[in-house]
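Worksheet for the structure shown next.
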Amino acid sequence: MSQKITSYPGHEITPEDVKGGKYLDVVYKFEPKYSWAAGVAISRFLAELKEGRIIARKCMNCKRILVPPRMYCEQCFRPTDEWVHIKDTGTINTYSISHVGTDARRLKTPILVAVVDLDGATPGMGILHNLGEVEPSKIKVDMKVKAVWKSPSERQGSITDIRYFKPIGAE
Amino acid sequence: MKNRVAIVGAGMTLFRRRMLESPKELSFEATRMALDSAGLELKDIESVVSGSAPDAFDGMHMKGEYLLDGTGGIGKPNQRVYVGGGTGVFTPIGGWWNVASGMYDTCLCVAEEKMSPLHPHPQYAFWSIFDQILERPLGTTLLWIFSLEMRRYMHKYGIKEEEIASVAVKNKGNAVDHPCAQLGAKITVEDVMNSEPICWPVKRLDVSPPSDGAAAIVLASEKVAKKLTDQPVWLDGVGWTLDSTHWTNRDLAYPEYVEKAAWMAYKMAGIKKPRKEIDIAEVYDPFDYKELHHMEGLQLAGKGEAPQMAVDGVTQRDGDLPVCPSGGLLGVGNPIAAAGMMKICEVFWQLRGEAGKRQVKKDARTGLAQAWGDLMQVGTVAVMRS
């Protein structure tokens with residue numbers, strides 16, 4: 001703000017102002033429903049998760065093995081060439097201990113979340129997932145982890161077919 | 001050659017958690033102040049650019065069109081631009097196209113945001129930025145991208161949480177002198193460290209607040225600017241780039257897309273050694289670590305070296321490179337698009353020597369404003385000169 005200006009426009013209101021009827025607000029709830037086509041690449045990825053496997057796509061031009069898989073290489077800007085199964089083990093690239101949920105409400109039990117660089121993909125190809133069977137204070141960057149899968153009958157072709165990743169050796 | 005573009009007026013409203021004014025009313029207040037400070041009326045304005053972040057905050061579609069009455073856009077060439085959190089600095093970049101191209105001699109740039117309508121918390125709107133198939137089922141919250149990036153940045157360079165916290169202390173302290181600020185306060189590193197760990201390593205005081213507010217500037221061609229004022233501030237360089245939404249495939253310790261945007265702006269402004277040539281910088285600081293992360297992307301610090309500059313006081317108002325003399329998003333508040341525009345306004349006031357108690361000690365001639373956003377993928381940069 002410039003020192004030449006001495007009046008600052010705007011009026012703050014508090015939740016109490018609204019509750020007390022001092023100012024009017026209008027409440028509305030929007031409840032649409034969506035059905036997303038998963039796409040060519042991710043449909044196959046999800047189908048493989050249902051089988052307990054992780055699949056990537058390879059670009060023969062830049063030689064990158066891409067996960068999440070895509071049908072085109074965004075760098076070479078050409079179609080990718082083949083499907084490649086990669087491992088369900090990897091390395092923690094980074095992690096966080098989340099005490100809040102999607103709408104910022106506080107959680108009783110924190111969610112452990114990480115970017116996991118998967119073995120068999122090009123280095124740095126991570127996916128977002130949860131961590132489990134580990135004390136939050138014991139999590140480290142560069143820790144080796146392995147997917148913990150739901151049982152075959154429970155899997156639905158979803159990213160949550162992997163329950164979480166757990167540290168290797170933490171049986 | 002492109003035409004030179006000047007900023008000739010600026011205005012903003014109070015930034016607060018919840019404002020009585022409607023989005024149109026907030027836009028009007030900021031725009032009217034910008035016009036008054038330029039000595040112009042709406043009839044003098046040839047084109048309008050507005051910026052506002054996700055429509056999901058307001059629950060209103062076509063927000064650019066809705067805002068039109070308040071942004072002065074009726075019956076004029078109007079565009080609304082949007083690149084998430086980067087929108088506030090992208091809005092004047094949109095205005096720059098209008099004037100630098102020679103299409104128009106004057107352009108109003110208005111950024112508005114009301115985050116307060118969404119309940120129970122504005123963060124809920126950010127749920128929909130994540131991939132709907134692979135990420136949302138994991139219970140995502142916006143804080144994750146920040147806490148994951150912060151942890152990686154700390155790991156890569158061995159940075160301590162206390163060093164990062166010093167940025168929150170500086171910015172909230174600077175905001176005490178900003179008459180529109182929402183969260184100006186004198187706090188300590190211990191206060192930040194002892195605040196609630198909401199998404200470790202992110203703690204409550206590492207984060208900027210949700211806010212309502214608006215900010216605006218007036219751009220003019222060189223010919224018009226010289227008639228209006230003997231203190232134009234030149235918008236000499238603009239840059240912006242985006243990376244992929246595949247954010248988990250990215251080097252989270254270094255924002256390469258910010259570097260690319262910065263060099264685009266520096267090249268345009270003829271800047272070769274940013275650390276020596278930039279006098280003040282309003283770096284995007286929605287979280288304290290982001291100021292440091294962005295200083296490195298902007299080439300204002302070496303990789304992993306920004307924390308030490310903050311600890312040493314280099315980035316204080318009386319330091320060699322004042323960063324966020326306004327108080328930043330951490331202190332003034334973070335009505336997304338308006339917060340980036342507030343940074344443009346602050347550099348404008350600083351370069352004109354009008355910042356009052358916030359005026360930096362050094363003789364500032366060249367300033368930078370930067371914003372960042374979307375799924376950790378966009379950098380928007382403006383270089384300004386007195």
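Chain labels run A, B, ... following the order of the structure tokens; each chain numbers its residues from 1, and ligands are numbered from 1 in the order shown.
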Given a cut-off of 6 Å, which residues of chain B touch chain A, counting only C-alpha atoms, written out as a PyMOL selection string?
chain B and resi 13-14+18-20+121+123-124+134+139-141+147-148+152+198-200+248-249+349+354-356
Just to be explicit: take each residue in the selection above, keep N, CA and C atoms, and write the result as a PDB file, in the first residue's frame.
ATOM      1  N   THR B  13      -7.395  -3.847  -1.770  1.00  0.00           N
ATOM      2  CA  THR B  13      -8.314  -3.810  -0.616  1.00  0.00           C
ATOM      3  C   THR B  13      -7.598  -4.385   0.601  1.00  0.00           C
ATOM      4  N   LEU B  14      -8.264  -4.346   1.730  1.00  0.00           N
ATOM      5  CA  LEU B  14      -7.807  -5.128   2.874  1.00  0.00           C
ATOM      6  C   LEU B  14      -7.801  -6.603   2.467  1.00  0.00           C
ATOM      7  N   ARG B  18     -12.474 -13.325   5.896  1.00  0.00           N
ATOM      8  CA  ARG B  18     -13.796 -13.277   5.266  1.00  0.00           C
ATOM      9  C   ARG B  18     -14.216 -11.829   5.150  1.00  0.00           C
ATOM     10  N   MET B  19     -14.538 -11.414   3.942  1.00  0.00           N
ATOM     11  CA  MET B  19     -14.927 -10.027   3.703  1.00  0.00           C
ATOM     12  C   MET B  19     -16.411  -9.944   3.378  1.00  0.00           C
ATOM     13  N   LEU B  20     -16.997  -8.840   3.794  1.00  0.00           N
ATOM     14  CA  LEU B  20     -18.414  -8.598   3.499  1.00  0.00           C
ATOM     15  C   LEU B  20     -18.630  -8.370   1.998  1.00  0.00           C
ATOM     16  N   HIS B 121     -13.739 -25.747   4.700  1.00  0.00           N
ATOM     17  CA  HIS B 121     -12.466 -25.041   4.582  1.00  0.00           C
ATOM     18  C   HIS B 121     -12.122 -24.898   3.097  1.00  0.00           C
ATOM     19  N   GLN B 123      -9.507 -25.269   1.609  1.00  0.00           N
ATOM     20  CA  GLN B 123      -8.595 -26.299   1.104  1.00  0.00           C
ATOM     21  C   GLN B 123      -9.321 -27.402   0.356  1.00  0.00           C
ATOM     22  N   TYR B 124     -10.586 -27.573   0.674  1.00  0.00           N
ATOM     23  CA  TYR B 124     -11.372 -28.631   0.044  1.00  0.00           C
ATOM     24  C   TYR B 124     -11.383 -28.479  -1.475  1.00  0.00           C
ATOM     25  N   LEU B 134      -5.713 -41.684  -9.981  1.00  0.00           N
ATOM     26  CA  LEU B 134      -4.576 -42.267  -9.269  1.00  0.00           C
ATOM     27  C   LEU B 134      -4.260 -41.603  -7.932  1.00  0.00           C
ATOM     28  N   GLY B 139      -6.850 -39.922  -0.461  1.00  0.00           N
ATOM     29  CA  GLY B 139      -7.197 -38.983   0.619  1.00  0.00           C
ATOM     30  C   GLY B 139      -6.396 -37.699   0.570  1.00  0.00           C
ATOM     31  N   THR B 140      -6.109 -37.222  -0.616  1.00  0.00           N
ATOM     32  CA  THR B 140      -5.222 -36.080  -0.817  1.00  0.00           C
ATOM     33  C   THR B 140      -5.726 -34.799  -0.153  1.00  0.00           C
ATOM     34  N   THR B 141      -4.791 -33.991   0.276  1.00  0.00           N
ATOM     35  CA  THR B 141      -5.070 -32.618   0.674  1.00  0.00           C
ATOM     36  C   THR B 141      -3.958 -31.758   0.076  1.00  0.00           C
ATOM     37  N   SER B 147       4.212 -30.311   1.779  1.00  0.00           N
ATOM     38  CA  SER B 147       4.994 -31.012   2.800  1.00  0.00           C
ATOM     39  C   SER B 147       5.963 -32.004   2.146  1.00  0.00           C
ATOM     40  N   LEU B 148       5.540 -32.622   1.041  1.00  0.00           N
ATOM     41  CA  LEU B 148       6.418 -33.571   0.349  1.00  0.00           C
ATOM     42  C   LEU B 148       7.577 -32.837  -0.322  1.00  0.00           C
ATOM     43  N   ARG B 152      11.643 -33.030   0.713  1.00  0.00           N
ATOM     44  CA  ARG B 152      12.667 -33.365  -0.285  1.00  0.00           C
ATOM     45  C   ARG B 152      13.744 -32.274  -0.353  1.00  0.00           C
ATOM     46  N   ILE B 198       0.689 -29.664  11.195  1.00  0.00           N
ATOM     47  CA  ILE B 198      -0.522 -30.049  10.471  1.00  0.00           C
ATOM     48  C   ILE B 198      -0.233 -31.076   9.392  1.00  0.00           C
ATOM     49  N   CYS B 199       0.941 -31.005   8.817  1.00  0.00           N
ATOM     50  CA  CYS B 199       1.315 -31.976   7.787  1.00  0.00           C
ATOM     51  C   CYS B 199       2.836 -31.983   7.765  1.00  0.00           C
ATOM     52  N   TRP B 200       3.417 -32.647   8.761  1.00  0.00           N
ATOM     53  CA  TRP B 200       4.854 -32.554   8.970  1.00  0.00           C
ATOM     54  C   TRP B 200       5.612 -32.857   7.686  1.00  0.00           C
ATOM     55  N   THR B 248       4.914 -36.187  -9.547  1.00  0.00           N
ATOM     56  CA  THR B 248       5.709 -37.187  -8.812  1.00  0.00           C
ATOM     57  C   THR B 248       6.874 -37.701  -9.665  1.00  0.00           C
ATOM     58  N   ASN B 249       6.958 -37.253 -10.908  1.00  0.00           N
ATOM     59  CA  ASN B 249       8.087 -37.617 -11.769  1.00  0.00           C
ATOM     60  C   ASN B 249       9.125 -36.489 -11.810  1.00  0.00           C
ATOM     61  N   TRP B 349       5.192   0.277  -5.533  1.00  0.00           N
ATOM     62  CA  TRP B 349       5.288   1.295  -4.468  1.00  0.00           C
ATOM     63  C   TRP B 349       6.721   1.431  -3.968  1.00  0.00           C
ATOM     64  N   GLU B 354       7.300   4.978  -2.269  1.00  0.00           N
ATOM     65  CA  GLU B 354       6.042   5.316  -1.589  1.00  0.00           C
ATOM     66  C   GLU B 354       5.661   4.309  -0.518  1.00  0.00           C
ATOM     67  N   ALA B 355       6.563   3.395  -0.187  1.00  0.00           N
ATOM     68  CA  ALA B 355       6.155   2.283   0.679  1.00  0.00           C
ATOM     69  C   ALA B 355       6.150   2.645   2.165  1.00  0.00           C
ATOM     70  N   GLY B 356       6.466   3.882   2.491  1.00  0.00           N
ATOM     71  CA  GLY B 356       6.356   4.342   3.882  1.00  0.00           C
ATOM     72  C   GLY B 356       7.208   3.518   4.829  1.00  0.00           C
TER      73      GLY B 356
END
Counting only C-alpha atoms, what is within 10 Å of A:Arg44, bar same-chain residues fewer than 6 positions away, as a list in words?
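So the residues in contact are Ala38, Lys50, Ile54, Ile55, Ala56, Pro69, Trp83 and Gly157 of chain A.
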Please run DSSP on the backbone and report, as a ChimeraX atom specification, all residues within stretch 170-372 of chain B that come out as helix (DSSP H, G or I).
/B:170-175,189-194,204-206,222-228,247-249,256-269,274-277,288-297,306-311,328-331,336-351,356-358
For stretch 265-274 of chain B, find every residue with an atom within 7 Å (counting only C-alpha atoms), except residues of its own chain fewer than 4 positions away, and show them as a list in words.
Asp236, Gly237, Val238, Gly239, Ala261, Ile278, Gln299, Leu300, Val381, Ala382 and Val383 of chain B
Using only N, CA and C atoms, please write the residues we just selected to a file, as a PDB file, in the first residue's frame.
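The resulting file, again-v2.pdb, is shown below:
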ATOM      1  N   ASP B 236       9.647  -4.341 -17.582  1.00  0.00           N
ATOM      2  CA  ASP B 236      10.665  -4.558 -18.613  1.00  0.00           C
ATOM      3  C   ASP B 236      10.903  -6.015 -18.979  1.00  0.00           C
ATOM      4  N   GLY B 237      10.448  -6.930 -18.130  1.00  0.00           N
ATOM      5  CA  GLY B 237      10.643  -8.337 -18.466  1.00  0.00           C
ATOM      6  C   GLY B 237       9.512  -9.178 -17.923  1.00  0.00           C
ATOM      7  N   VAL B 238       8.993 -10.082 -18.724  1.00  0.00           N
ATOM      8  CA  VAL B 238       7.972 -11.024 -18.241  1.00  0.00           C
ATOM      9  C   VAL B 238       8.351 -12.430 -18.696  1.00  0.00           C
ATOM     10  N   GLY B 239       8.033 -13.408 -17.862  1.00  0.00           N
ATOM     11  CA  GLY B 239       8.334 -14.792 -18.219  1.00  0.00           C
ATOM     12  C   GLY B 239       7.373 -15.739 -17.540  1.00  0.00           C
ATOM     13  N   ALA B 261      11.210 -19.625 -16.453  1.00  0.00           N
ATOM     14  CA  ALA B 261      10.401 -18.402 -16.496  1.00  0.00           C
ATOM     15  C   ALA B 261      11.260 -17.186 -16.164  1.00  0.00           C
ATOM     16  N   ILE B 278      19.136  -7.449  -9.385  1.00  0.00           N
ATOM     17  CA  ILE B 278      17.814  -7.299  -8.763  1.00  0.00           C
ATOM     18  C   ILE B 278      18.006  -6.678  -7.377  1.00  0.00           C
ATOM     19  N   GLN B 299      17.416 -17.725  -9.398  1.00  0.00           N
ATOM     20  CA  GLN B 299      18.851 -17.430  -9.495  1.00  0.00           C
ATOM     21  C   GLN B 299      19.260 -16.297  -8.551  1.00  0.00           C
ATOM     22  N   LEU B 300      18.472 -16.095  -7.495  1.00  0.00           N
ATOM     23  CA  LEU B 300      18.829 -15.076  -6.507  1.00  0.00           C
ATOM     24  C   LEU B 300      19.664 -15.705  -5.388  1.00  0.00           C
ATOM     25  N   VAL B 381       6.843 -14.637 -13.743  1.00  0.00           N
ATOM     26  CA  VAL B 381       7.872 -13.705 -13.269  1.00  0.00           C
ATOM     27  C   VAL B 381       7.728 -12.362 -13.970  1.00  0.00           C
ATOM     28  N   ALA B 382       7.857 -11.277 -13.208  1.00  0.00           N
ATOM     29  CA  ALA B 382       7.858  -9.932 -13.796  1.00  0.00           C
ATOM     30  C   ALA B 382       9.044  -9.150 -13.244  1.00  0.00           C
ATOM     31  N   VAL B 383       9.780  -8.481 -14.136  1.00  0.00           N
ATOM     32  CA  VAL B 383      10.900  -7.624 -13.744  1.00  0.00           C
ATOM     33  C   VAL B 383      10.487  -6.181 -13.986  1.00  0.00           C
TER      34      VAL B 383
END
Quick one: everything within 9 Å of stretch 325-334 of chain B, counting only C-alpha atoms, minus sequence neighbours fewer than 3 positions away in the same chain. Send it as a PyMOL selection string.
(chain A and resi 1) or (chain B and resi 14-17+113+167-168+170-185+205-213+280-288+315-317+322+337-340+342-343+346-347+350+355+358-360)
Shell around B:Met376 at 9 Å using only C-alpha atoms, local window under 2 positions removed, as JSON, numbers by chain:
{"B": [145, 146, 243, 244, 245, 247, 252, 255, 372, 373, 374, 378, 379]}
Near-B:Ser47 list (8 Å; only C-alpha atoms; drop same-chain fewer than 3 positions) as a list in words:
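Residues near the query, excluding close chain neighbours: Gly73, Lys76, Pro77, Asn78, Asn98, Tyr104, Thr106, Cys107 and Leu108 of chain B.
Here atom CA of A:Lys87 stands at a distance of 20.7 Å from atom CA of B:Ile133.
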Please list as a ChimeraX atom specification every residue within 6 Å of B:Met12, counting only C-alpha atoms and excluding residues in the same chain fewer than 2 positions away.
/B:30,214-215
For B:Ala216, the closest of B:Met154, B:Met33, B:Ala369, B:Val5 counting only C-alpha atoms is B:Met33
